[in-house]
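Enquirer: Structure below; questions to follow.
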Amino acid sequence: MTVNARMSGSLAGATGTITIDLVQIAANWKALAAKVAPAQCAAVVKADAYGLGAERIIATLTQAGCTTFFIATPDEAEIARKLAPDAQIYALDGLVEGAATVFAHQGVKPVLSTIDDISVWAALSRMRGEALPAAIHIDTGLHRLGLPARDVRHLAADANFLGSIRLELVMSHLASADNPRDPKNRDQLLAFETLSALFPGVPRSLAASDGLMLGPAYHFDLVRPGYAIYGGQASQLAPAPVKPAVRVAARILAVADVAPGETVGYSATWRAKRPSRIATIAAGYADGVPRTASAPDGRPGGHVMIAGNLAPLVGRVSMDLITVDVTDLPDGAAKPGEFATLIGEGLTIEDAGFTAGTIGYEILTRLGPRFTRLYFESAA
Ligand SMILES: *Cc1c(COP(=O)(O)O)cnc(C)c1O
């Protein structure tokens, strides 16, 4: 962390903390923007900026020079618009019922991925007597959201449609960009080049955090990273030029001796083979520690870091608590009242995801409201 910085937030009453390094998040966005220049770099801030607090994140990224944000829902659009009055804001989920009027009112651009959505936006445009801005999402093989090729060709030939809305972005999304060697990347790139060429002069966007590491051919006019801005590594094979920016810690509530043969936790899944010391920590599945980090099936489970030492989870993760084996730690290293690190130095978000049978994205976005959020920010 940098010298000329300060921490905001209070530890009073906190059983757990998420420390969000806004200085590093700004640096991460700038590094990604430099990587893709002359393409533009947006920021995806859906799901409350991946659980880190949209308010602080949007303000920080705006100050860093970001002018385009992607959110998912109408609620998120309203928050983003309040924080970034002059930014371009795109709404990825399109036009759920009632959304069109909110977006038109807020100057938010929906990402349209069905003919129905396009018709609704075109009708609203005609009613208001102005071509309202929007993006279209083309499906190039993910088969999640996006217009199929047939519909795209249809639209491109329909002067009526093109006249009634203001098409500002053509985008698609990659399925396997976390693996640079997957031939599906190339297939989707070619499909996107072909279909987006039907809208000459309209800016294009294909890549998220992992896609932008596939090289300049994938950058087009705008890239849309989310996870990498927050310090996550979407691809283990092609790491992004970013550094971790999030630390998660929870208090040690108790440290106790457990005799050989005794068990720890619900369903007695872990039995001490030796005289053991068990630390009980104030975070559980209600806080986003996956129950699958308990490793009941014998595979390695999750860990925490206590005073620089890794300690494995033992027994079941419960709603409010986890139990860890601190027998091998130096005497006195695990002390009630001190914090254990769940994510941080020596324990990445990706590690926490992997040992729970999931991905870092899920770990990050599920961290619960009981964690006190502390922000580390530039003092200037
Ligand atoms: C969530 C999302 C992104 C951002 O993805 P990251 O992997 O977090 O960079 C970009 N585009 C679309 C369509 C998304 O849904």
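By order of appearance in the structure tokens: chains A, B, ..., then residues from 1 within every chain, and ligands from 1 in the order shown.
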Got a sec to tell me which of stretch 23-141 of chain A DSSP assigns to strand (DSSP E or B), as a VMD selection string?
Expert: chain A and resid 40 to 41 43 to 44 68 to 71 88 to 91 109 to 112 132 to 138
Enquirer: Give me a file of those residues, with N, CA, C and O atoms, as a PDB file, in the first residue's frame.
Expert:
ATOM      1  N   GLN A  40     -10.499   1.872 -25.982  1.00  0.00           N
ATOM      2  CA  GLN A  40     -10.950   2.459 -24.721  1.00  0.00           C
ATOM      3  C   GLN A  40     -11.155   1.353 -23.689  1.00  0.00           C
ATOM      4  O   GLN A  40     -11.465   0.220 -24.056  1.00  0.00           O
ATOM      5  N   CYS A  41     -11.021   1.714 -22.424  1.00  0.00           N
ATOM      6  CA  CYS A  41     -11.256   0.748 -21.353  1.00  0.00           C
ATOM      7  C   CYS A  41     -12.439   1.205 -20.496  1.00  0.00           C
ATOM      8  O   CYS A  41     -12.403   2.268 -19.892  1.00  0.00           O
ATOM      9  N   ALA A  43     -15.393   0.047 -17.391  1.00  0.00           N
ATOM     10  CA  ALA A  43     -15.324  -0.690 -16.119  1.00  0.00           C
ATOM     11  C   ALA A  43     -16.676  -1.330 -15.870  1.00  0.00           C
ATOM     12  O   ALA A  43     -17.707  -0.663 -15.964  1.00  0.00           O
ATOM     13  N   VAL A  44     -16.656  -2.627 -15.571  1.00  0.00           N
ATOM     14  CA  VAL A  44     -17.895  -3.320 -15.239  1.00  0.00           C
ATOM     15  C   VAL A  44     -18.071  -3.247 -13.725  1.00  0.00           C
ATOM     16  O   VAL A  44     -17.206  -3.703 -12.968  1.00  0.00           O
ATOM     17  N   THR A  68     -16.768   5.154 -19.092  1.00  0.00           N
ATOM     18  CA  THR A  68     -17.818   4.220 -19.518  1.00  0.00           C
ATOM     19  C   THR A  68     -17.966   3.098 -18.494  1.00  0.00           C
ATOM     20  O   THR A  68     -16.978   2.444 -18.134  1.00  0.00           O
ATOM     21  N   PHE A  69     -19.204   2.895 -18.028  1.00  0.00           N
ATOM     22  CA  PHE A  69     -19.476   1.861 -17.019  1.00  0.00           C
ATOM     23  C   PHE A  69     -20.551   0.905 -17.519  1.00  0.00           C
ATOM     24  O   PHE A  69     -21.467   1.309 -18.228  1.00  0.00           O
ATOM     25  N   PHE A  70     -20.406  -0.337 -17.138  1.00  0.00           N
ATOM     26  CA  PHE A  70     -21.432  -1.345 -17.406  1.00  0.00           C
ATOM     27  C   PHE A  70     -22.018  -1.820 -16.084  1.00  0.00           C
ATOM     28  O   PHE A  70     -21.280  -2.177 -15.158  1.00  0.00           O
ATOM     29  N   ILE A  71     -23.357  -1.817 -16.004  1.00  0.00           N
ATOM     30  CA  ILE A  71     -24.054  -2.405 -14.863  1.00  0.00           C
ATOM     31  C   ILE A  71     -25.042  -3.428 -15.449  1.00  0.00           C
ATOM     32  O   ILE A  71     -25.108  -3.611 -16.665  1.00  0.00           O
ATOM     33  N   GLN A  88     -20.878   7.430 -19.737  1.00  0.00           N
ATOM     34  CA  GLN A  88     -21.677   6.511 -20.552  1.00  0.00           C
ATOM     35  C   GLN A  88     -21.983   5.312 -19.667  1.00  0.00           C
ATOM     36  O   GLN A  88     -21.059   4.724 -19.105  1.00  0.00           O
ATOM     37  N   ILE A  89     -23.248   4.954 -19.559  1.00  0.00           N
ATOM     38  CA  ILE A  89     -23.606   3.791 -18.728  1.00  0.00           C
ATOM     39  C   ILE A  89     -24.425   2.819 -19.570  1.00  0.00           C
ATOM     40  O   ILE A  89     -25.437   3.200 -20.170  1.00  0.00           O
ATOM     41  N   TYR A  90     -23.957   1.581 -19.623  1.00  0.00           N
ATOM     42  CA  TYR A  90     -24.660   0.524 -20.352  1.00  0.00           C
ATOM     43  C   TYR A  90     -25.242  -0.486 -19.366  1.00  0.00           C
ATOM     44  O   TYR A  90     -24.578  -0.840 -18.383  1.00  0.00           O
ATOM     45  N   ALA A  91     -26.459  -0.960 -19.661  1.00  0.00           N
ATOM     46  CA  ALA A  91     -27.142  -1.924 -18.784  1.00  0.00           C
ATOM     47  C   ALA A  91     -27.202  -3.284 -19.471  1.00  0.00           C
ATOM     48  O   ALA A  91     -27.933  -3.475 -20.446  1.00  0.00           O
ATOM     49  N   LYS A 109     -27.914   3.450 -21.398  1.00  0.00           N
ATOM     50  CA  LYS A 109     -28.088   2.742 -22.665  1.00  0.00           C
ATOM     51  C   LYS A 109     -28.278   1.247 -22.412  1.00  0.00           C
ATOM     52  O   LYS A 109     -27.362   0.593 -21.904  1.00  0.00           O
ATOM     53  N   PRO A 110     -29.447   0.731 -22.760  1.00  0.00           N
ATOM     54  CA  PRO A 110     -29.633  -0.708 -22.575  1.00  0.00           C
ATOM     55  C   PRO A 110     -28.840  -1.492 -23.606  1.00  0.00           C
ATOM     56  O   PRO A 110     -28.649  -1.032 -24.733  1.00  0.00           O
ATOM     57  N   VAL A 111     -28.353  -2.664 -23.188  1.00  0.00           N
ATOM     58  CA  VAL A 111     -27.745  -3.601 -24.123  1.00  0.00           C
ATOM     59  C   VAL A 111     -28.866  -4.537 -24.567  1.00  0.00           C
ATOM     60  O   VAL A 111     -29.376  -5.332 -23.774  1.00  0.00           O
ATOM     61  N   LEU A 112     -29.287  -4.389 -25.824  1.00  0.00           N
ATOM     62  CA  LEU A 112     -30.463  -5.097 -26.329  1.00  0.00           C
ATOM     63  C   LEU A 112     -30.037  -6.416 -26.945  1.00  0.00           C
ATOM     64  O   LEU A 112     -29.145  -6.453 -27.791  1.00  0.00           O
ATOM     65  N   LEU A 132     -33.251   6.974 -29.284  1.00  0.00           N
ATOM     66  CA  LEU A 132     -32.598   6.740 -27.990  1.00  0.00           C
ATOM     67  C   LEU A 132     -31.383   5.833 -28.175  1.00  0.00           C
ATOM     68  O   LEU A 132     -31.423   4.868 -28.938  1.00  0.00           O
ATOM     69  N   PRO A 133     -30.298   6.118 -27.420  1.00  0.00           N
ATOM     70  CA  PRO A 133     -29.062   5.349 -27.599  1.00  0.00           C
ATOM     71  C   PRO A 133     -29.145   3.955 -26.970  1.00  0.00           C
ATOM     72  O   PRO A 133     -29.763   3.779 -25.915  1.00  0.00           O
ATOM     73  N   ALA A 134     -28.511   2.998 -27.611  1.00  0.00           N
ATOM     74  CA  ALA A 134     -28.484   1.623 -27.107  1.00  0.00           C
ATOM     75  C   ALA A 134     -27.309   0.874 -27.703  1.00  0.00           C
ATOM     76  O   ALA A 134     -26.679   1.326 -28.664  1.00  0.00           O
ATOM     77  N   ALA A 135     -27.021  -0.284 -27.098  1.00  0.00           N
ATOM     78  CA  ALA A 135     -26.072  -1.237 -27.679  1.00  0.00           C
ATOM     79  C   ALA A 135     -26.868  -2.461 -28.122  1.00  0.00           C
ATOM     80  O   ALA A 135     -27.966  -2.701 -27.611  1.00  0.00           O
ATOM     81  N   ILE A 136     -26.340  -3.214 -29.073  1.00  0.00           N
ATOM     82  CA  ILE A 136     -26.904  -4.546 -29.302  1.00  0.00           C
ATOM     83  C   ILE A 136     -25.852  -5.591 -28.973  1.00  0.00           C
ATOM     84  O   ILE A 136     -24.645  -5.379 -29.129  1.00  0.00           O
ATOM     85  N   HIS A 137     -26.347  -6.706 -28.458  1.00  0.00           N
ATOM     86  CA  HIS A 137     -25.485  -7.820 -28.067  1.00  0.00           C
ATOM     87  C   HIS A 137     -25.713  -8.942 -29.079  1.00  0.00           C
ATOM     88  O   HIS A 137     -26.837  -9.409 -29.250  1.00  0.00           O
ATOM     89  N   ILE A 138     -24.640  -9.326 -29.751  1.00  0.00           N
ATOM     90  CA  ILE A 138     -24.697 -10.395 -30.752  1.00  0.00           C
ATOM     91  C   ILE A 138     -24.203 -11.681 -30.110  1.00  0.00           C
ATOM     92  O   ILE A 138     -23.168 -11.683 -29.443  1.00  0.00           O
TER      93      ILE A 138
END
Enquirer: Collect all residues with atoms no farther than 9 Å from ligand 1, counting only C-alpha atoms and all ligand atoms, and output them as a PDB file with N, CA and C atoms, in the first residue's frame.
Expert:
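Dumped everything to pocket_0.pdb:
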ATOM      1  N   ALA A  43     -15.393   0.047 -17.391  1.00  0.00           N
ATOM      2  CA  ALA A  43     -15.324  -0.690 -16.119  1.00  0.00           C
ATOM      3  C   ALA A  43     -16.676  -1.330 -15.870  1.00  0.00           C
ATOM      4  N   VAL A  44     -16.656  -2.627 -15.571  1.00  0.00           N
ATOM      5  CA  VAL A  44     -17.895  -3.320 -15.239  1.00  0.00           C
ATOM      6  C   VAL A  44     -18.071  -3.247 -13.725  1.00  0.00           C
ATOM      7  N   VAL A  45     -19.156  -2.623 -13.297  1.00  0.00           N
ATOM      8  CA  VAL A  45     -19.395  -2.368 -11.867  1.00  0.00           C
ATOM      9  C   VAL A  45     -20.741  -2.950 -11.418  1.00  0.00           C
ATOM     10  N   LYS A  46     -21.184  -4.005 -12.126  1.00  0.00           N
ATOM     11  CA  LYS A  46     -22.435  -4.679 -11.750  1.00  0.00           C
ATOM     12  C   LYS A  46     -22.272  -5.346 -10.388  1.00  0.00           C
ATOM     13  N   TYR A  50     -18.913  -5.839  -7.869  1.00  0.00           N
ATOM     14  CA  TYR A  50     -18.442  -7.161  -7.440  1.00  0.00           C
ATOM     15  C   TYR A  50     -18.393  -7.270  -5.913  1.00  0.00           C
ATOM     16  N   PHE A  70     -20.406  -0.337 -17.138  1.00  0.00           N
ATOM     17  CA  PHE A  70     -21.432  -1.345 -17.406  1.00  0.00           C
ATOM     18  C   PHE A  70     -22.018  -1.820 -16.084  1.00  0.00           C
ATOM     19  N   ILE A  71     -23.357  -1.817 -16.004  1.00  0.00           N
ATOM     20  CA  ILE A  71     -24.054  -2.405 -14.863  1.00  0.00           C
ATOM     21  C   ILE A  71     -25.042  -3.428 -15.449  1.00  0.00           C
ATOM     22  N   ALA A  72     -25.817  -4.080 -14.584  1.00  0.00           N
ATOM     23  CA  ALA A  72     -26.737  -5.086 -15.107  1.00  0.00           C
ATOM     24  C   ALA A  72     -28.197  -4.643 -15.038  1.00  0.00           C
ATOM     25  N   LEU A  92     -26.433  -4.242 -18.929  1.00  0.00           N
ATOM     26  CA  LEU A  92     -26.228  -5.526 -19.611  1.00  0.00           C
ATOM     27  C   LEU A  92     -27.475  -6.408 -19.677  1.00  0.00           C
ATOM     28  N   ASP A  93     -28.366  -6.295 -18.695  1.00  0.00           N
ATOM     29  CA  ASP A  93     -29.513  -7.212 -18.675  1.00  0.00           C
ATOM     30  C   ASP A  93     -30.647  -6.807 -19.616  1.00  0.00           C
ATOM     31  N   HIS A 137     -26.347  -6.706 -28.458  1.00  0.00           N
ATOM     32  CA  HIS A 137     -25.485  -7.820 -28.067  1.00  0.00           C
ATOM     33  C   HIS A 137     -25.713  -8.942 -29.079  1.00  0.00           C
ATOM     34  N   LEU A 145     -26.981 -14.534 -23.427  1.00  0.00           N
ATOM     35  CA  LEU A 145     -27.741 -13.444 -24.017  1.00  0.00           C
ATOM     36  C   LEU A 145     -27.129 -13.120 -25.376  1.00  0.00           C
ATOM     37  N   MET A 171     -21.786  -5.357 -29.413  1.00  0.00           N
ATOM     38  CA  MET A 171     -20.918  -6.163 -28.553  1.00  0.00           C
ATOM     39  C   MET A 171     -21.256  -7.648 -28.591  1.00  0.00           C
ATOM     40  N   SER A 172     -20.284  -8.445 -28.144  1.00  0.00           N
ATOM     41  CA  SER A 172     -20.516  -9.869 -27.921  1.00  0.00           C
ATOM     42  C   SER A 172     -19.666 -10.275 -26.728  1.00  0.00           C
ATOM     43  N   HIS A 173     -19.779 -11.524 -26.291  1.00  0.00           N
ATOM     44  CA  HIS A 173     -19.093 -11.969 -25.071  1.00  0.00           C
ATOM     45  C   HIS A 173     -18.478 -13.338 -25.330  1.00  0.00           C
ATOM     46  N   LEU A 174     -17.240 -13.521 -24.835  1.00  0.00           N
ATOM     47  CA  LEU A 174     -16.503 -14.767 -25.102  1.00  0.00           C
ATOM     48  C   LEU A 174     -16.785 -15.837 -24.041  1.00  0.00           C
ATOM     49  N   ASP A 178     -10.721 -17.497 -20.766  1.00  0.00           N
ATOM     50  CA  ASP A 178      -9.757 -17.802 -19.691  1.00  0.00           C
ATOM     51  C   ASP A 178      -8.737 -18.852 -20.127  1.00  0.00           C
ATOM     52  N   SER A 205     -17.240  -3.962 -29.225  1.00  0.00           N
ATOM     53  CA  SER A 205     -16.643  -4.445 -27.973  1.00  0.00           C
ATOM     54  C   SER A 205     -16.833  -5.951 -27.841  1.00  0.00           C
ATOM     55  N   LEU A 206     -15.742  -6.666 -27.550  1.00  0.00           N
ATOM     56  CA  LEU A 206     -15.813  -8.122 -27.408  1.00  0.00           C
ATOM     57  C   LEU A 206     -15.247  -8.628 -26.072  1.00  0.00           C
ATOM     58  N   ALA A 207     -14.187  -7.978 -25.571  1.00  0.00           N
ATOM     59  CA  ALA A 207     -13.395  -8.605 -24.507  1.00  0.00           C
ATOM     60  C   ALA A 207     -13.733  -8.113 -23.101  1.00  0.00           C
ATOM     61  N   ALA A 208     -13.734  -9.056 -22.145  1.00  0.00           N
ATOM     62  CA  ALA A 208     -13.777  -8.760 -20.705  1.00  0.00           C
ATOM     63  C   ALA A 208     -12.358  -8.944 -20.149  1.00  0.00           C
ATOM     64  N   SER A 209     -12.223  -9.168 -18.839  1.00  0.00           N
ATOM     65  CA  SER A 209     -10.895  -9.250 -18.204  1.00  0.00           C
ATOM     66  C   SER A 209      -9.969 -10.269 -18.858  1.00  0.00           C
ATOM     67  N   ASP A 210     -10.510 -11.448 -19.157  1.00  0.00           N
ATOM     68  CA  ASP A 210      -9.667 -12.488 -19.748  1.00  0.00           C
ATOM     69  C   ASP A 210      -9.479 -12.260 -21.248  1.00  0.00           C
ATOM     70  N   GLY A 211     -10.537 -11.839 -21.934  1.00  0.00           N
ATOM     71  CA  GLY A 211     -10.452 -11.629 -23.382  1.00  0.00           C
ATOM     72  C   GLY A 211      -9.433 -10.583 -23.778  1.00  0.00           C
ATOM     73  N   LEU A 212      -9.255  -9.564 -22.941  1.00  0.00           N
ATOM     74  CA  LEU A 212      -8.329  -8.495 -23.331  1.00  0.00           C
ATOM     75  C   LEU A 212      -6.883  -8.974 -23.290  1.00  0.00           C
ATOM     76  N   VAL A 223     -12.954  -2.265 -24.377  1.00  0.00           N
ATOM     77  CA  VAL A 223     -12.925  -3.518 -23.608  1.00  0.00           C
ATOM     78  C   VAL A 223     -13.734  -3.322 -22.321  1.00  0.00           C
ATOM     79  N   ARG A 224     -14.208  -4.431 -21.749  1.00  0.00           N
ATOM     80  CA  ARG A 224     -15.147  -4.361 -20.623  1.00  0.00           C
ATOM     81  C   ARG A 224     -14.668  -5.213 -19.448  1.00  0.00           C
ATOM     82  N   PRO A 225     -13.542  -4.885 -18.834  1.00  0.00           N
ATOM     83  CA  PRO A 225     -13.116  -5.683 -17.675  1.00  0.00           C
ATOM     84  C   PRO A 225     -13.906  -5.336 -16.414  1.00  0.00           C
ATOM     85  N   GLY A 226     -14.115  -6.323 -15.581  1.00  0.00           N
ATOM     86  CA  GLY A 226     -14.632  -6.125 -14.237  1.00  0.00           C
ATOM     87  C   GLY A 226     -13.629  -6.706 -13.253  1.00  0.00           C
ATOM     88  N   TYR A 227     -13.615  -8.019 -13.176  1.00  0.00           N
ATOM     89  CA  TYR A 227     -12.818  -8.777 -12.189  1.00  0.00           C
ATOM     90  C   TYR A 227     -11.362  -8.302 -12.093  1.00  0.00           C
ATOM     91  N   ALA A 228     -10.709  -8.076 -13.228  1.00  0.00           N
ATOM     92  CA  ALA A 228      -9.289  -7.704 -13.201  1.00  0.00           C
ATOM     93  C   ALA A 228      -9.080  -6.353 -12.517  1.00  0.00           C
ATOM     94  N   ILE A 229     -10.039  -5.449 -12.668  1.00  0.00           N
ATOM     95  CA  ILE A 229      -9.910  -4.138 -12.022  1.00  0.00           C
ATOM     96  C   ILE A 229      -9.806  -4.315 -10.505  1.00  0.00           C
ATOM     97  N   TYR A 230     -10.518  -5.306  -9.984  1.00  0.00           N
ATOM     98  CA  TYR A 230     -10.539  -5.541  -8.529  1.00  0.00           C
ATOM     99  C   TYR A 230      -9.380  -6.438  -8.083  1.00  0.00           C
ATOM    100  N   GLY A 232      -8.504  -9.394  -9.521  1.00  0.00           N
ATOM    101  CA  GLY A 232      -8.683 -10.821  -9.781  1.00  0.00           C
ATOM    102  C   GLY A 232      -7.946 -11.259 -11.035  1.00  0.00           C
ATOM    103  N   ALA A 234      -8.513 -13.627 -13.962  1.00  0.00           N
ATOM    104  CA  ALA A 234      -9.548 -14.443 -14.607  1.00  0.00           C
ATOM    105  C   ALA A 234      -8.944 -15.659 -15.289  1.00  0.00           C
ATOM    106  N   TYR A 361     -14.406 -15.261  -8.628  1.00  0.00           N
ATOM    107  CA  TYR A 361     -15.541 -14.359  -8.861  1.00  0.00           C
ATOM    108  C   TYR A 361     -16.663 -14.610  -7.845  1.00  0.00           C
TER     109      TYR A 361
END
Enquirer: With distances taken over only C-alpha atoms, which of A:Ala157, A:Val96, A:Leu253, A:Val108 is nearest to A:Ala84?
Expert: A:Val108
Enquirer: Give the answer as one residue: which of A:Ala282, A:Leu364, A:Lys335, A:Ser318 has the shortest atom-to-atom distance to A:Gly13, using only C-alpha atoms?
Expert: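 Residue with the minimum atom-to-atom distance to A:Gly13: A:Ala282.
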Enquirer: Measuring atom to atom with only C-alpha atoms, identify which of A:Leu198, A:Lys35, A:Thr73, A:Ile25 is nearest to A:Ile57.
Expert: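 Looking only at the distances to A:Ile57, the closest residue turns out to be A:Ile25.
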Enquirer: Stretch 323-332 of chain A: which residues within 10 Å, counting only C-alpha atoms, same-chain residues fewer than 6 positions away excluded, as a ChimeraX atom specification?
Expert: /A:252,254-258,264-265,272,274-284,294,302-317
Enquirer: Export N, CA, C and O atoms of the chosen residues as a compact mmCIF listing (two decimals), in the first residue's frame?
Expert:
# COMPACT_ATOMS: atom_id res chain seq x y z
N ILE A 252 -10.52 -13.98 15.39
CA ILE A 252 -10.43 -15.24 16.12
C ILE A 252 -11.23 -15.03 17.42
O ILE A 252 -10.97 -14.09 18.16
N ALA A 254 -12.00 -17.75 19.68
CA ALA A 254 -11.56 -18.65 20.76
C ALA A 254 -10.49 -19.58 20.22
O ALA A 254 -10.45 -19.86 19.01
N VAL A 255 -9.61 -20.02 21.11
CA VAL A 255 -8.61 -21.04 20.76
C VAL A 255 -8.71 -22.10 21.86
O VAL A 255 -8.66 -21.77 23.05
N ALA A 256 -8.89 -23.35 21.46
CA ALA A 256 -9.13 -24.39 22.47
C ALA A 256 -8.39 -25.68 22.13
O ALA A 256 -8.12 -25.97 20.96
N ASP A 257 -8.07 -26.45 23.18
CA ASP A 257 -7.43 -27.77 23.00
C ASP A 257 -8.50 -28.81 22.70
O ASP A 257 -9.58 -28.80 23.29
N VAL A 258 -8.15 -29.71 21.78
CA VAL A 258 -9.04 -30.82 21.46
C VAL A 258 -8.22 -32.10 21.57
O VAL A 258 -7.17 -32.23 20.94
N VAL A 264 -14.69 -32.19 15.72
CA VAL A 264 -14.94 -30.75 15.63
C VAL A 264 -16.07 -30.49 14.63
O VAL A 264 -16.03 -30.99 13.51
N GLY A 265 -17.05 -29.73 15.06
CA GLY A 265 -18.07 -29.22 14.15
C GLY A 265 -19.25 -30.14 13.92
O GLY A 265 -19.29 -31.27 14.40
N ALA A 272 -9.76 -35.40 15.67
CA ALA A 272 -8.35 -35.12 16.00
C ALA A 272 -7.56 -36.43 16.09
O ALA A 272 -7.98 -37.36 16.77
N ARG A 274 -4.33 -36.27 16.95
CA ARG A 274 -3.26 -35.92 17.90
C ARG A 274 -3.80 -34.83 18.82
O ARG A 274 -4.84 -34.25 18.52
N PRO A 275 -3.13 -34.54 19.90
CA PRO A 275 -3.57 -33.39 20.71
C PRO A 275 -3.55 -32.15 19.83
O PRO A 275 -2.51 -31.83 19.23
N SER A 276 -4.69 -31.47 19.69
CA SER A 276 -4.81 -30.40 18.68
C SER A 276 -5.26 -29.10 19.34
O SER A 276 -5.88 -29.10 20.41
N ARG A 277 -4.94 -28.01 18.63
CA ARG A 277 -5.48 -26.71 19.03
C ARG A 277 -6.33 -26.19 17.88
O ARG A 277 -5.89 -26.17 16.72
N ILE A 278 -7.54 -25.80 18.22
CA ILE A 278 -8.50 -25.36 17.20
C ILE A 278 -8.89 -23.91 17.47
O ILE A 278 -9.29 -23.56 18.59
N ALA A 279 -8.75 -23.07 16.44
CA ALA A 279 -9.20 -21.68 16.55
C ALA A 279 -10.56 -21.55 15.86
O ALA A 279 -10.75 -22.08 14.77
N THR A 280 -11.47 -20.87 16.53
CA THR A 280 -12.80 -20.62 15.97
C THR A 280 -12.87 -19.17 15.51
O THR A 280 -12.52 -18.25 16.27
N ILE A 281 -13.27 -18.97 14.27
CA ILE A 281 -13.18 -17.66 13.61
C ILE A 281 -14.56 -17.18 13.19
O ILE A 281 -15.40 -17.97 12.73
N ALA A 282 -14.78 -15.87 13.31
CA ALA A 282 -16.11 -15.28 13.14
C ALA A 282 -16.47 -14.99 11.68
O ALA A 282 -16.68 -13.84 11.29
N ALA A 283 -16.55 -16.04 10.87
CA ALA A 283 -17.09 -15.90 9.51
C ALA A 283 -17.60 -17.27 9.12
O ALA A 283 -16.96 -18.29 9.45
N GLY A 284 -18.73 -17.31 8.43
CA GLY A 284 -19.29 -18.59 8.03
C GLY A 284 -19.97 -18.47 6.68
O GLY A 284 -19.75 -17.50 5.95
N SER A 294 -15.17 -26.73 3.47
CA SER A 294 -14.96 -27.67 4.58
C SER A 294 -14.22 -28.92 4.12
O SER A 294 -13.71 -29.67 4.95
N GLY A 302 -10.19 -25.29 2.41
CA GLY A 302 -9.71 -23.92 2.51
C GLY A 302 -8.70 -23.73 3.62
O GLY A 302 -8.49 -24.59 4.46
N HIS A 303 -8.08 -22.56 3.58
CA HIS A 303 -7.11 -22.17 4.61
C HIS A 303 -7.38 -20.74 5.05
O HIS A 303 -8.02 -19.99 4.33
N VAL A 304 -6.85 -20.40 6.21
CA VAL A 304 -6.75 -19.00 6.58
C VAL A 304 -5.28 -18.74 6.91
O VAL A 304 -4.49 -19.67 7.04
N MET A 305 -4.94 -17.46 7.03
CA MET A 305 -3.57 -17.09 7.39
C MET A 305 -3.62 -16.41 8.75
O MET A 305 -4.40 -15.46 8.94
N ILE A 306 -2.84 -16.93 9.68
CA ILE A 306 -2.80 -16.32 11.02
C ILE A 306 -1.36 -15.95 11.33
O ILE A 306 -0.48 -16.83 11.36
N ALA A 307 -1.10 -14.68 11.53
CA ALA A 307 0.24 -14.17 11.83
C ALA A 307 1.28 -14.77 10.89
O ALA A 307 2.34 -15.23 11.31
N GLY A 308 0.93 -14.82 9.60
CA GLY A 308 1.90 -15.28 8.60
C GLY A 308 1.96 -16.79 8.40
O GLY A 308 2.78 -17.28 7.63
N ASN A 309 1.12 -17.54 9.10
CA ASN A 309 1.11 -19.00 8.97
C ASN A 309 -0.21 -19.48 8.36
O ASN A 309 -1.29 -19.03 8.77
N LEU A 310 -0.13 -20.43 7.42
CA LEU A 310 -1.35 -21.02 6.87
C LEU A 310 -1.92 -22.02 7.87
O LEU A 310 -1.18 -22.81 8.45
N ALA A 311 -3.24 -21.97 8.04
CA ALA A 311 -3.91 -22.93 8.92
C ALA A 311 -5.12 -23.49 8.18
O ALA A 311 -5.92 -22.72 7.65
N PRO A 312 -5.24 -24.84 8.12
CA PRO A 312 -6.33 -25.43 7.33
C PRO A 312 -7.67 -25.43 8.07
O PRO A 312 -7.71 -25.60 9.29
N LEU A 313 -8.76 -25.22 7.30
CA LEU A 313 -10.10 -25.39 7.86
C LEU A 313 -10.28 -26.85 8.22
O LEU A 313 -9.90 -27.74 7.45
N VAL A 314 -10.88 -27.09 9.38
CA VAL A 314 -11.24 -28.47 9.76
C VAL A 314 -12.70 -28.45 10.23
O VAL A 314 -13.18 -27.45 10.76
N GLY A 315 -13.40 -29.54 9.99
CA GLY A 315 -14.82 -29.58 10.35
C GLY A 315 -15.63 -28.73 9.39
O GLY A 315 -15.11 -28.07 8.51
N ARG A 316 -16.93 -28.77 9.60
CA ARG A 316 -17.85 -28.06 8.69
C ARG A 316 -17.79 -26.55 8.86
O ARG A 316 -17.72 -26.05 9.99
N VAL A 317 -17.90 -25.85 7.75
CA VAL A 317 -18.18 -24.42 7.80
C VAL A 317 -19.62 -24.28 8.28
O VAL A 317 -20.51 -24.93 7.74
Enquirer: Tell me, as a list in words, which residues lie within 8 Å of A:Arg251, counting only C-alpha atoms; anything in the same chain fewer than 6 positions away does not count.
Expert: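 In the requested format, the answer is Thr15, Gly16, Ile281, Ala282, Pro336, Gly337, Glu338, Phe339 and Ala340 of chain A.
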Enquirer: Once DSSP has gone over the backbone, tell me which residues of stretch 132-354 of chain A are in alpha helix (DSSP H), as a ChimeraX atom specification.
Expert: /A:149-156,159-164,183-196,349-354
Enquirer: Record the distance separating atom CA of A:Ile363 and atom CA of A:Ala59, expressed in Å with one decimal.
Expert: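 Atom-to-atom, atom CA of A:Ile363 and atom CA of A:Ala59 are spaced 23.7 Å apart.
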Enquirer: Given only C-alpha atoms as the basis, pick out the residue of A:Leu22, A:Ile115, A:Ala197, A:Met127 nearest to A:Asp151.
Expert: A:Ile115
Enquirer: Rounded to one decimal place, report the atom CA of A:Pro74-atom CA of A:Glu97 distance in Å.
Expert: 9.9 Å
